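protein02.txt follows (compact mmCIF, C-alpha atoms and all ligand atoms):
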```txt
# COMPACT_ATOMS: atom_id res chain seq x y z
CA MET A 260 15.87 19.97 9.48
CA ARG A 261 13.39 20.22 6.63
CA ASP A 262 9.84 19.26 7.56
CA LEU A 263 9.05 15.81 6.15
CA THR A 264 5.32 16.51 6.13
CA LEU A 265 6.01 19.20 3.52
CA LEU A 266 7.98 16.84 1.25
CA PRO A 267 5.73 16.00 -1.74
CA LYS A 268 5.37 12.26 -2.17
CA ALA A 269 3.13 9.51 -3.48
CA HIS A 270 1.62 6.83 -1.27
CA LEU A 271 1.42 3.55 -3.13
CA HIS A 272 0.96 0.95 -0.41
CA LEU A 273 -2.08 1.52 1.77
CA HIS A 274 -4.96 -0.88 2.34
CA PHE A 275 -8.55 0.33 2.56
CA THR A 276 -9.58 -1.04 5.97
CA GLY A 277 -6.02 -0.86 7.28
CA SER A 278 -5.94 2.87 6.59
CA MET A 279 -8.63 3.54 9.18
CA ARG A 280 -8.08 5.89 12.10
CA VAL A 281 -8.30 4.24 15.51
CA ALA A 282 -10.87 6.86 16.58
CA THR A 283 -13.06 5.98 13.59
CA LEU A 284 -12.88 2.30 14.39
CA ALA A 285 -13.82 3.07 18.00
CA ASP A 286 -16.85 5.05 16.72
CA LEU A 287 -17.97 2.20 14.51
CA ALA A 288 -17.59 -0.32 17.30
CA GLN A 289 -19.67 1.84 19.62
CA ASP A 290 -22.42 2.27 17.01
CA ALA A 291 -22.51 -1.47 16.39
CA ARG A 292 -22.21 -2.30 20.11
CA VAL A 293 -19.24 -4.51 19.35
CA ARG A 294 -16.36 -5.07 21.75
CA LEU A 295 -13.09 -4.99 19.86
CA PRO A 296 -9.79 -6.51 20.98
CA ALA A 297 -7.79 -3.94 22.95
CA ALA A 298 -4.91 -4.35 20.49
CA LEU A 299 -7.04 -2.58 17.87
CA LEU A 300 -7.88 0.42 20.00
CA ASP A 301 -4.73 1.28 21.95
CA GLY A 302 -3.01 2.90 18.95
CA ASP A 303 0.20 0.98 19.61
CA PRO A 304 1.80 -1.02 16.82
CA VAL A 305 0.86 -4.69 17.06
CA ARG A 306 3.82 -7.02 17.43
CA LEU A 307 3.31 -10.45 15.95
CA ALA A 308 5.31 -13.62 15.93
CA PHE A 309 7.01 -14.34 12.61
CA ASP A 310 5.09 -17.52 11.95
CA GLU A 311 1.66 -18.73 10.87
CA ARG A 312 0.22 -18.06 14.31
CA GLY A 313 1.38 -14.46 14.11
CA TRP A 314 -0.24 -14.06 10.70
CA PHE A 315 -3.41 -15.71 11.97
CA ARG A 316 -3.58 -13.18 14.78
CA PHE A 317 -3.00 -10.35 12.29
CA GLN A 318 -5.85 -11.65 10.12
CA ARG A 319 -8.18 -11.96 13.10
CA LEU A 320 -7.53 -8.35 14.10
CA TYR A 321 -7.91 -7.18 10.52
CA ASP A 322 -11.16 -9.10 10.10
CA ALA A 323 -12.53 -7.66 13.35
CA ALA A 324 -12.01 -4.18 11.92
CA ARG A 325 -13.32 -5.10 8.49
CA THR A 326 -16.60 -6.48 9.77
CA LEU A 327 -17.44 -2.98 10.98
CA VAL A 328 -17.14 -1.57 7.46
CA ARG A 329 -20.53 -2.63 6.25
CA SER A 330 -22.32 0.29 4.66
CA GLU A 331 -21.79 2.74 1.86
CA SER A 332 -21.46 5.66 4.26
CA VAL A 333 -18.72 3.96 6.28
CA MET A 334 -16.86 3.01 3.10
CA ARG A 335 -17.01 6.63 1.97
CA ARG A 336 -15.78 7.80 5.36
CA VAL A 337 -12.77 5.46 5.20
CA VAL A 338 -11.69 6.82 1.81
CA ALA A 339 -12.28 10.44 2.81
CA GLU A 340 -10.23 10.09 5.99
CA ALA A 341 -7.41 8.22 4.25
CA ALA A 342 -7.17 11.07 1.75
CA ALA A 343 -7.34 13.74 4.45
CA ASP A 344 -4.59 12.03 6.44
CA ASP A 345 -2.45 11.69 3.32
CA ALA A 346 -3.00 15.37 2.53
CA ALA A 347 -1.77 16.31 6.01
CA GLU A 348 1.40 14.33 5.36
CA GLY A 349 2.40 15.88 2.04
CA SER A 350 1.12 13.10 -0.17
CA GLY A 351 -0.03 14.37 -3.55
CA ARG A 352 -1.06 11.01 -4.90
CA LEU A 353 -2.63 8.06 -3.10
CA GLU A 354 -3.15 4.68 -4.76
CA ILE A 355 -5.29 2.85 -2.21
CA GLN A 356 -5.80 -0.93 -2.37
CA VAL A 357 -9.16 -2.52 -1.92
CA ASP A 358 -10.56 -6.01 -2.33
CA PRO A 359 -14.22 -5.26 -3.11
CA THR A 360 -15.15 -8.87 -2.27
CA SER A 361 -14.96 -8.08 1.45
CA TYR A 362 -17.57 -5.32 1.30
CA ALA A 363 -19.77 -6.73 -1.47
CA PRO A 364 -22.28 -8.46 0.86
CA PHE A 365 -23.27 -5.14 2.44
CA VAL A 366 -23.73 -3.04 -0.69
CA GLY A 367 -25.11 -5.43 -3.29
CA GLY A 368 -22.07 -6.98 -4.94
CA ILE A 369 -18.49 -6.39 -5.99
CA THR A 370 -19.43 -3.88 -8.70
CA PRO A 371 -21.26 -1.47 -6.37
CA ALA A 372 -18.55 -2.01 -3.74
CA LEU A 373 -15.88 -0.87 -6.17
CA GLU A 374 -18.01 1.94 -7.58
CA ILE A 375 -18.55 3.35 -4.08
CA VAL A 376 -14.80 3.41 -3.46
CA LEU A 377 -14.11 4.99 -6.85
CA ASP A 378 -16.74 7.66 -6.35
CA ALA A 379 -15.49 8.39 -2.83
CA ALA A 380 -11.96 8.61 -4.27
CA ARG A 381 -13.08 11.18 -6.84
CA GLU A 382 -14.83 13.19 -4.17
CA ALA A 383 -11.86 13.01 -1.77
CA SER A 384 -9.52 14.13 -4.54
CA ALA A 385 -11.61 17.23 -5.10
CA THR A 386 -11.85 17.97 -1.38
CA THR A 387 -8.24 17.35 -0.34
CA GLY A 388 -6.16 17.99 -3.46
CA VAL A 389 -4.62 14.54 -3.11
CA GLU A 390 -5.25 12.51 -6.25
CA VAL A 391 -6.81 9.28 -5.00
CA ALA A 392 -6.66 6.36 -7.42
CA VAL A 393 -7.45 2.73 -6.67
CA VAL A 394 -5.69 -0.62 -6.85
CA VAL A 395 -8.05 -3.60 -6.96
CA ALA A 396 -6.51 -6.38 -4.89
CA SER A 397 -7.25 -10.07 -5.20
CA SER A 398 -6.44 -12.48 -2.40
CA ARG A 399 -4.19 -15.52 -2.20
CA MET A 400 -6.75 -17.07 0.16
CA ARG A 401 -9.38 -17.24 -2.57
CA HIS A 402 -9.69 -19.25 -5.75
CA PRO A 403 -7.70 -17.91 -8.72
CA LEU A 404 -10.94 -17.78 -10.74
CA GLU A 405 -12.19 -15.13 -8.33
CA ALA A 406 -9.03 -13.16 -9.06
CA ARG A 407 -9.89 -13.28 -12.76
CA THR A 408 -13.38 -11.97 -12.06
CA LEU A 409 -11.86 -9.11 -10.07
CA ALA A 410 -9.35 -8.37 -12.84
CA ARG A 411 -12.17 -8.11 -15.39
CA LEU A 412 -14.06 -5.80 -13.03
CA ALA A 413 -10.95 -3.66 -12.47
CA ALA A 414 -10.34 -3.45 -16.22
CA ARG A 415 -13.71 -1.75 -16.74
CA TYR A 416 -12.61 1.20 -14.63
CA ALA A 417 -9.01 1.49 -15.85
CA GLY A 418 -7.45 4.94 -16.04
CA ASP A 419 -4.80 7.04 -14.35
CA GLY A 420 -6.84 9.79 -12.78
CA PRO A 421 -8.67 10.28 -9.49
CA GLY A 422 -11.39 7.69 -8.94
CA GLU A 423 -10.00 5.34 -11.56
CA VAL A 424 -8.40 1.92 -11.21
CA VAL A 425 -4.66 2.09 -11.83
CA GLY A 426 -3.46 -1.34 -10.78
CA PHE A 427 -4.19 -4.91 -9.87
CA GLY A 428 -2.78 -6.56 -6.76
CA LEU A 429 -2.55 -9.83 -4.90
CA SER A 430 -2.49 -9.74 -1.13
CA ASN A 431 -2.79 -11.83 2.01
CA ASP A 432 -0.47 -14.54 3.35
CA GLU A 433 2.41 -15.01 0.90
CA ARG A 434 2.74 -18.59 2.08
CA ARG A 435 -0.70 -19.48 0.74
CA GLY A 436 -1.73 -20.25 -2.84
CA GLU A 437 0.37 -20.92 -5.92
CA THR A 438 1.64 -17.68 -7.44
CA ALA A 439 1.50 -19.13 -10.97
CA ASP A 440 -2.24 -19.81 -10.60
CA PHE A 441 -2.85 -16.05 -10.50
CA ALA A 442 -0.97 -15.32 -13.73
CA ALA A 443 -4.13 -15.39 -15.87
CA ALA A 444 -5.77 -12.71 -13.73
CA PHE A 445 -2.71 -10.49 -14.06
CA ARG A 446 -2.72 -10.97 -17.84
CA ILE A 447 -6.30 -9.68 -17.96
CA ALA A 448 -5.29 -6.67 -15.88
CA ARG A 449 -2.19 -5.95 -17.93
CA ARG A 450 -4.12 -6.07 -21.21
CA ALA A 451 -6.38 -3.35 -19.78
CA GLY A 452 -3.34 -1.18 -19.07
CA LEU A 453 -3.38 -1.72 -15.31
CA ALA A 454 -0.14 -1.84 -13.34
CA SER A 455 0.79 -5.21 -11.86
CA VAL A 456 1.32 -4.60 -8.13
CA PRO A 457 1.27 -7.92 -6.23
CA HIS A 458 2.61 -8.42 -2.74
CA GLY A 459 5.76 -10.50 -2.43
CA GLY A 460 9.03 -10.83 -0.59
CA GLU A 461 8.00 -9.73 2.89
CA LEU A 462 7.13 -12.94 4.75
CA LEU A 463 9.04 -15.03 2.23
CA GLY A 464 12.51 -14.49 0.83
CA PRO A 465 14.17 -14.00 -2.57
CA ALA A 466 12.86 -17.28 -4.04
CA HIS A 467 9.32 -15.98 -3.58
CA VAL A 468 10.27 -12.68 -5.16
CA GLU A 469 11.52 -14.56 -8.23
CA ASP A 470 8.33 -16.59 -8.35
CA VAL A 471 6.32 -13.36 -8.43
CA LEU A 472 8.64 -11.79 -11.03
CA ASP A 473 8.35 -14.88 -13.26
CA HIS A 474 4.58 -15.27 -13.14
CA LEU A 475 3.03 -11.88 -12.40
CA ARG A 476 5.51 -9.51 -14.12
CA PRO A 477 5.12 -6.77 -11.49
CA ASP A 478 5.59 -3.08 -12.20
CA ARG A 479 5.84 -2.66 -8.44
CA LEU A 480 6.26 -5.19 -5.69
CA GLY A 481 4.30 -4.83 -2.48
CA HIS A 482 7.28 -5.03 -0.12
CA GLY A 483 9.96 -7.05 -1.94
CA VAL A 484 12.15 -5.95 0.95
CA ARG A 485 13.71 -9.40 1.32
CA SER A 486 15.20 -9.26 -2.16
CA ALA A 487 18.01 -7.56 -0.20
CA GLU A 488 19.03 -11.08 0.84
CA ASP A 489 20.10 -12.09 -2.67
CA PRO A 490 22.13 -9.69 -4.84
CA ARG A 491 21.21 -11.62 -7.98
CA VAL A 492 17.47 -11.21 -7.36
CA LEU A 493 17.95 -7.57 -6.40
CA ASP A 494 19.91 -6.96 -9.62
CA ARG A 495 17.04 -8.48 -11.57
CA ILE A 496 14.55 -6.14 -9.88
CA VAL A 497 16.71 -3.15 -10.74
CA ALA A 498 17.28 -4.32 -14.33
CA ASP A 499 13.54 -4.91 -14.83
CA GLY A 500 12.70 -1.50 -13.36
CA VAL A 501 10.42 -2.98 -10.68
CA ALA A 502 9.75 -0.47 -7.91
CA LEU A 503 9.63 -1.67 -4.31
CA GLU A 504 6.89 -0.51 -1.94
CA ILE A 505 8.80 -0.62 1.32
CA CYS A 506 6.83 -0.43 4.58
CA PRO A 507 9.21 -0.43 7.58
CA ALA A 508 6.54 -0.33 10.29
CA SER A 509 4.77 -3.29 8.71
CA ASN A 510 7.99 -5.29 8.56
CA VAL A 511 8.58 -4.82 12.28
CA SER A 512 4.97 -5.47 13.34
CA LEU A 513 4.92 -8.70 11.36
CA GLY A 514 8.22 -9.78 12.91
CA VAL A 515 10.25 -9.76 9.69
CA TYR A 516 12.81 -7.54 11.43
CA ALA A 517 13.17 -6.98 15.16
CA GLU A 518 13.40 -3.20 14.78
CA THR A 519 13.13 -0.58 12.05
CA ALA A 520 16.89 0.02 12.15
CA GLN A 521 17.27 -3.46 10.60
CA VAL A 522 15.10 -2.76 7.54
CA PRO A 523 17.62 -3.06 4.66
CA LEU A 524 16.46 0.08 2.88
CA ARG A 525 20.05 1.22 2.37
CA VAL A 526 20.97 -2.05 0.62
CA LEU A 527 18.04 -1.66 -1.78
CA VAL A 528 18.80 1.99 -2.52
CA ASP A 529 22.53 1.34 -3.01
CA ALA A 530 21.66 -1.38 -5.55
CA GLY A 531 19.73 1.22 -7.53
CA ALA A 532 16.18 0.08 -6.76
CA THR A 533 13.31 2.54 -7.03
CA ILE A 534 11.61 2.82 -3.65
CA ALA A 535 8.16 4.00 -2.61
CA LEU A 536 7.74 4.08 1.16
CA GLY A 537 4.29 3.14 2.40
CA ALA A 538 2.33 2.66 5.63
CA ASP A 539 0.48 -0.56 4.61
CA ASP A 540 -2.00 -0.80 7.52
CA PRO A 541 -1.63 2.19 9.88
CA LEU A 542 -4.57 0.93 11.95
CA LEU A 543 -2.53 -2.08 13.04
CA PHE A 544 1.03 -0.92 12.56
CA GLY A 545 0.56 2.31 14.50
CA SER A 546 2.12 4.82 12.09
CA ARG A 547 1.30 6.59 8.87
CA LEU A 548 3.27 7.73 5.83
CA VAL A 549 5.58 10.42 7.19
CA ALA A 550 6.67 8.08 9.99
CA GLN A 551 8.22 5.79 7.37
CA TYR A 552 10.33 8.70 6.05
CA GLN A 553 11.17 9.56 9.64
CA VAL A 554 12.52 6.03 10.11
CA ALA A 555 14.71 6.49 7.04
CA ARG A 556 16.04 9.76 8.48
CA ASP A 557 16.41 8.84 12.16
CA GLU A 558 17.18 5.12 12.11
CA LEU A 559 18.79 4.60 8.73
CA GLY A 560 20.73 7.83 8.34
CA PHE A 561 19.16 9.14 5.14
CA SER A 562 20.10 12.75 4.38
CA ASP A 563 17.59 15.27 3.04
CA PRO A 564 18.80 14.82 -0.59
CA GLU A 565 18.40 11.05 -0.12
CA LEU A 566 14.94 11.47 1.40
CA ALA A 567 14.02 13.68 -1.55
CA GLU A 568 15.16 10.90 -3.87
CA LEU A 569 12.92 8.41 -2.03
CA ALA A 570 10.00 10.78 -2.55
CA ARG A 571 10.88 11.13 -6.25
CA GLY A 572 10.94 7.34 -6.49
CA SER A 573 7.42 7.11 -5.08
CA ILE A 574 6.15 9.74 -7.51
CA ARG A 575 7.80 8.12 -10.54
CA ALA A 576 6.54 4.66 -9.53
CA SER A 577 2.96 5.93 -9.25
CA ARG A 578 0.59 5.80 -12.21
CA ALA A 579 -0.04 9.53 -12.06
CA SER A 580 -0.31 11.46 -15.33
CA ALA A 581 2.77 13.19 -16.75
CA GLY A 582 1.38 16.53 -15.59
CA THR A 583 0.83 15.44 -12.00
CA THR A 584 4.21 13.71 -11.92
CA ALA A 585 5.99 16.85 -13.12
CA ARG A 586 4.13 19.03 -10.59
CA LEU A 587 5.01 16.76 -7.66
CA LEU A 588 8.64 16.38 -8.73
CA ALA A 589 8.96 20.17 -8.96
CA GLY A 590 7.63 20.30 -5.39
CA VAL A 591 10.35 17.93 -4.25
CA ASP A 592 13.00 20.18 -5.81
CA ALA A 593 11.46 23.19 -4.08
CA TRP A 594 11.47 21.35 -0.74
CA LEU A 595 15.14 20.55 -1.13
CA ALA A 596 15.97 24.12 -2.20
CA ARG A 597 14.56 25.40 1.10
CA ASP A 598 16.86 26.48 3.86
CA PRO A 599 17.05 23.45 6.17
CA GLY A 600 17.15 25.73 9.21
ZN ZN B 1 0.13 -4.70 2.07
```

Let me see the file written as structure tokens.
Amino acid sequence: MRDLTLLPKAHLHLHFTGSMRVATLADLAQDARVRLPAALLDGDPVRLAFDERGWFRFQRLYDAARTLVRSESVMRRVVAEAAADDAAEGSGRLEIQVDPTSYAPFVGGITPALEIVLDAAREASATTGVEVAVVVASSRMRHPLEARTLARLAARYAGDGPGEVVGFGLSNDERRGETADFAAAFRIARRAGLASVPHGGELLGPAHVEDVLDHLRPDRLGHGVRSAEDPRVLDRIVADGVALEICPASNVSLGVYAETAQVPLRVLVDAGATIALGADDPLLFGSRLVAQYQVARDELGFSDPELAELARGSIRASRASAGTTARLLAGVDAWLARDPG
């Protein structure tokens, strides 16, 4: 068995606060003398009902963690640890998502909030060797005009290297907001050369995926896993070259599937979709990047050549430079060329 931590890969679906280590969160809670819900500290994956109450509980837990990230030094620590954990798991490229709005009140606005993350990303890249780039994420829970403001902010820092903004996202409850209302923000981002990387097709099915395809023209879909339910929509994703950021642990924690063995990764791969496995929110979902590849191997029967192809998909779907892409792809070939024993 080849070691999956040594397989070079890119990590394209990881949220800033959700990336936090449980031990770090426990530290922050102690410093702030805050009692956190046990579900945040036990390290077990949360299991939520597949309904609005389940999502509400998820948001409450997430918010409880986020309220402890309220200084520049903590923000820097979160980025540094996310990069270090990615480095330990064979990731050569991390594109971490952040909504600067959440941290703006503590550091003097959305611009400093983003600049802190970008600077920490540059520093972490130098320290760990993992290229850390940033996706600025807007929220479905906020007014679409705020999304436009964020897109204009993101555009000012556009690039493909460490500490630069590579994409623009849309997160939070898929059932909230009108997707079309966010199209203007995505146009601003696209004009600046940013990748369009909205969430879609996890809590809602293929009709929602089409809505996102029509209005936001994604380069990658956050999740999109439920496009497996409609071959026509899945064909469209493949024809349009939209990569899918598949996060098995997230799907199970949020109740989309009862167990990881039911995640239709095989259906998506067989249809020809480009896949990038991601951990989404390890803090809540209880596992990091390599665990998602482990699911593919252990639960879904992916062979080493197939796992290597998943890793290649993640690297190709990243916004890394041609040089970085070539280096990581060569690493995948070298991994596969190794004696499996
Ligand atoms: Zn996500």

Can you tell me, as an MDAnalysis selection string, what residues are no more than 12 Å from range 306-311 of chain A when counting only C-alpha atoms, ignoring any on the same chain fewer than 3 positions away?
chainID A and resid 298:299 303 314:320 432:435 461:463 508:518 543:545

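Distance-wise, CA of Gly481 in chain A and CA of Leu429 in chain A end up 8.8 Å apart.
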
Could you give me, as a Markdown table, every range 415-483 of chain A residue with an atom at most 8 Å from range 356-380 of chain A, plus its closest atom pair and distance in Å to one decimal, counting only C-alpha atoms, rows ordered by chain then number?
```
| residue | atom | partner | partner_atom | distance |
| --- | --- | --- | --- | --- |
| A:Pro421 | CA | A:Ala380 | CA | 6.4 |
| A:Gly422 | CA | A:Leu377 | CA | 4.4 |
| A:Glu423 | CA | A:Leu377 | CA | 6.3 |
| A:Val424 | CA | A:Leu377 | CA | 7.8 |
| A:Gly428 | CA | A:Gln356 | CA | 7.8 |
```

Residue with smallest distance to Ala498 in chain A - pool A:Thr408, A:Thr533, A:Gln521, A:Thr276, counting only C-alpha atoms:
A:Thr533

Kindly indicate which residue among A:Val471, A:Val528, A:Ser330, A:Leu566 lies nearest to Ala439 in chain A, using all atoms listed in the file for the distances.
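Smallest separation from Ala439 in chain A among the options: A:Val471.
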
Using all atoms listed in the file, the best pick from A:Leu284, A:Ala410, A:Met334, A:Val328 as closest to Gly302 in chain A would be A:Leu284

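Every residue having at least one atom no farther than 10 Å from ligand ZN 1 (chain B) is included below, with all atoms listed in the file taken into account: A:Leu271, A:His272, A:Leu273, A:His274, A:Gly277, A:Gln356, A:Ala396, A:Gly428, A:Leu429, A:Ser430, A:Asn431, A:Asp432, A:Pro457, A:His458, A:Gly459, A:Glu461, A:Leu480, A:Gly481, A:His482, A:Glu504, A:Ile505, A:Cys506, A:Ser509, A:Gly537, A:Ala538, A:Asp539, A:Asp540.
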
Between A:Met400, A:Ile496, A:Ile355, A:Met260, single out the one closest to Gly531 in chain A, counting all atoms listed in the file.
A:Ile496

Need the axis-aligned box for range 382-394 of chain A with 6 Å each side, so what are the centre and edges in Å to one decimal, as AutoDock Vina command-line options?
```
--center_x -9.7 --center_y 8.7 --center_z -3.9 --size_x 22.2 --size_y 30.6 --size_z 19.1
```

So, counting all atoms listed in the file, which residue among A:Leu503, A:Ala347, A:Leu266, A:Ala585 is closest to Val389 in chain A?
A:Ala347

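Computed from the coordinates, the CA of Gly483 in chain A to CA of Gly500 in chain A distance equals 13.0 Å.
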
With all atoms listed in the file counted, which protein, DNA or RNA residues have an atom no more than 12 Å from (19.6, -9.4, -6.5) in the file frame? Please answer as a list of chain:residue names.
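Residues with an atom at most 12 Å from (19.6, -9.4, -6.5): A:Gly464, A:Pro465, A:Ala466, A:Val468, A:Glu469, A:Gly483, A:Val484, A:Arg485, A:Ser486, A:Ala487, A:Glu488, A:Asp489, A:Pro490, A:Arg491, A:Val492, A:Leu493, A:Asp494, A:Arg495, A:Ile496, A:Val497, A:Ala498, A:Asp499, A:Val501, A:Val526, A:Leu527, A:Asp529, A:Ala530, A:Gly531, A:Ala532.
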
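Atom pair CA of Ala567 in chain A / CA of Val591 in chain A has a distance of 6.2 Å (rounded to one decimal).
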
Please write as a JSON list (two decimals) with C-alpha atoms, in the coordinates of the input the list of polymer residues whose atoms come within 10 Å of (9.8, 8.1, -9.8), counting only C-alpha atoms and keeping to the coordinates of the file.
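Listed below is the output, point-v2.json:
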```json
[["chain", "number", "residue", "atom", "x", "y", "z"],
["A", 268, "LYS", "CA", 5.37, 12.26, -2.17],
["A", 269, "ALA", "CA", 3.13, 9.51, -3.48],
["A", 502, "ALA", "CA", 9.75, -0.47, -7.91],
["A", 533, "THR", "CA", 13.31, 2.54, -7.03],
["A", 534, "ILE", "CA", 11.61, 2.82, -3.65],
["A", 535, "ALA", "CA", 8.16, 4.00, -2.61],
["A", 568, "GLU", "CA", 15.16, 10.90, -3.87],
["A", 569, "LEU", "CA", 12.92, 8.41, -2.03],
["A", 570, "ALA", "CA", 10.00, 10.78, -2.55],
["A", 571, "ARG", "CA", 10.88, 11.13, -6.25],
["A", 572, "GLY", "CA", 10.94, 7.34, -6.49],
["A", 573, "SER", "CA", 7.42, 7.11, -5.08],
["A", 574, "ILE", "CA", 6.15, 9.74, -7.51],
["A", 575, "ARG", "CA", 7.80, 8.12, -10.54],
["A", 576, "ALA", "CA", 6.54, 4.66, -9.53],
["A", 577, "SER", "CA", 2.96, 5.93, -9.25],
["A", 578, "ARG", "CA", 0.59, 5.80, -12.21],
["A", 584, "THR", "CA", 4.21, 13.71, -11.92],
["A", 588, "LEU", "CA", 8.64, 16.38, -8.73]]
```

Within 9 Å of Arg336 in chain A, counting all atoms listed in the file, which residues show up once you throw out same-chain ones fewer than 5 positions away? Write them as a ChimeraX atom specification, please.
/A:283,331,341,379

Near-Thr438 in chain A list (9 Å; all atoms listed in the file; drop same-chain fewer than 5 positions) as JSON, numbers by chain
{"A": [399, 433, 467, 470, 471, 474, 475]}
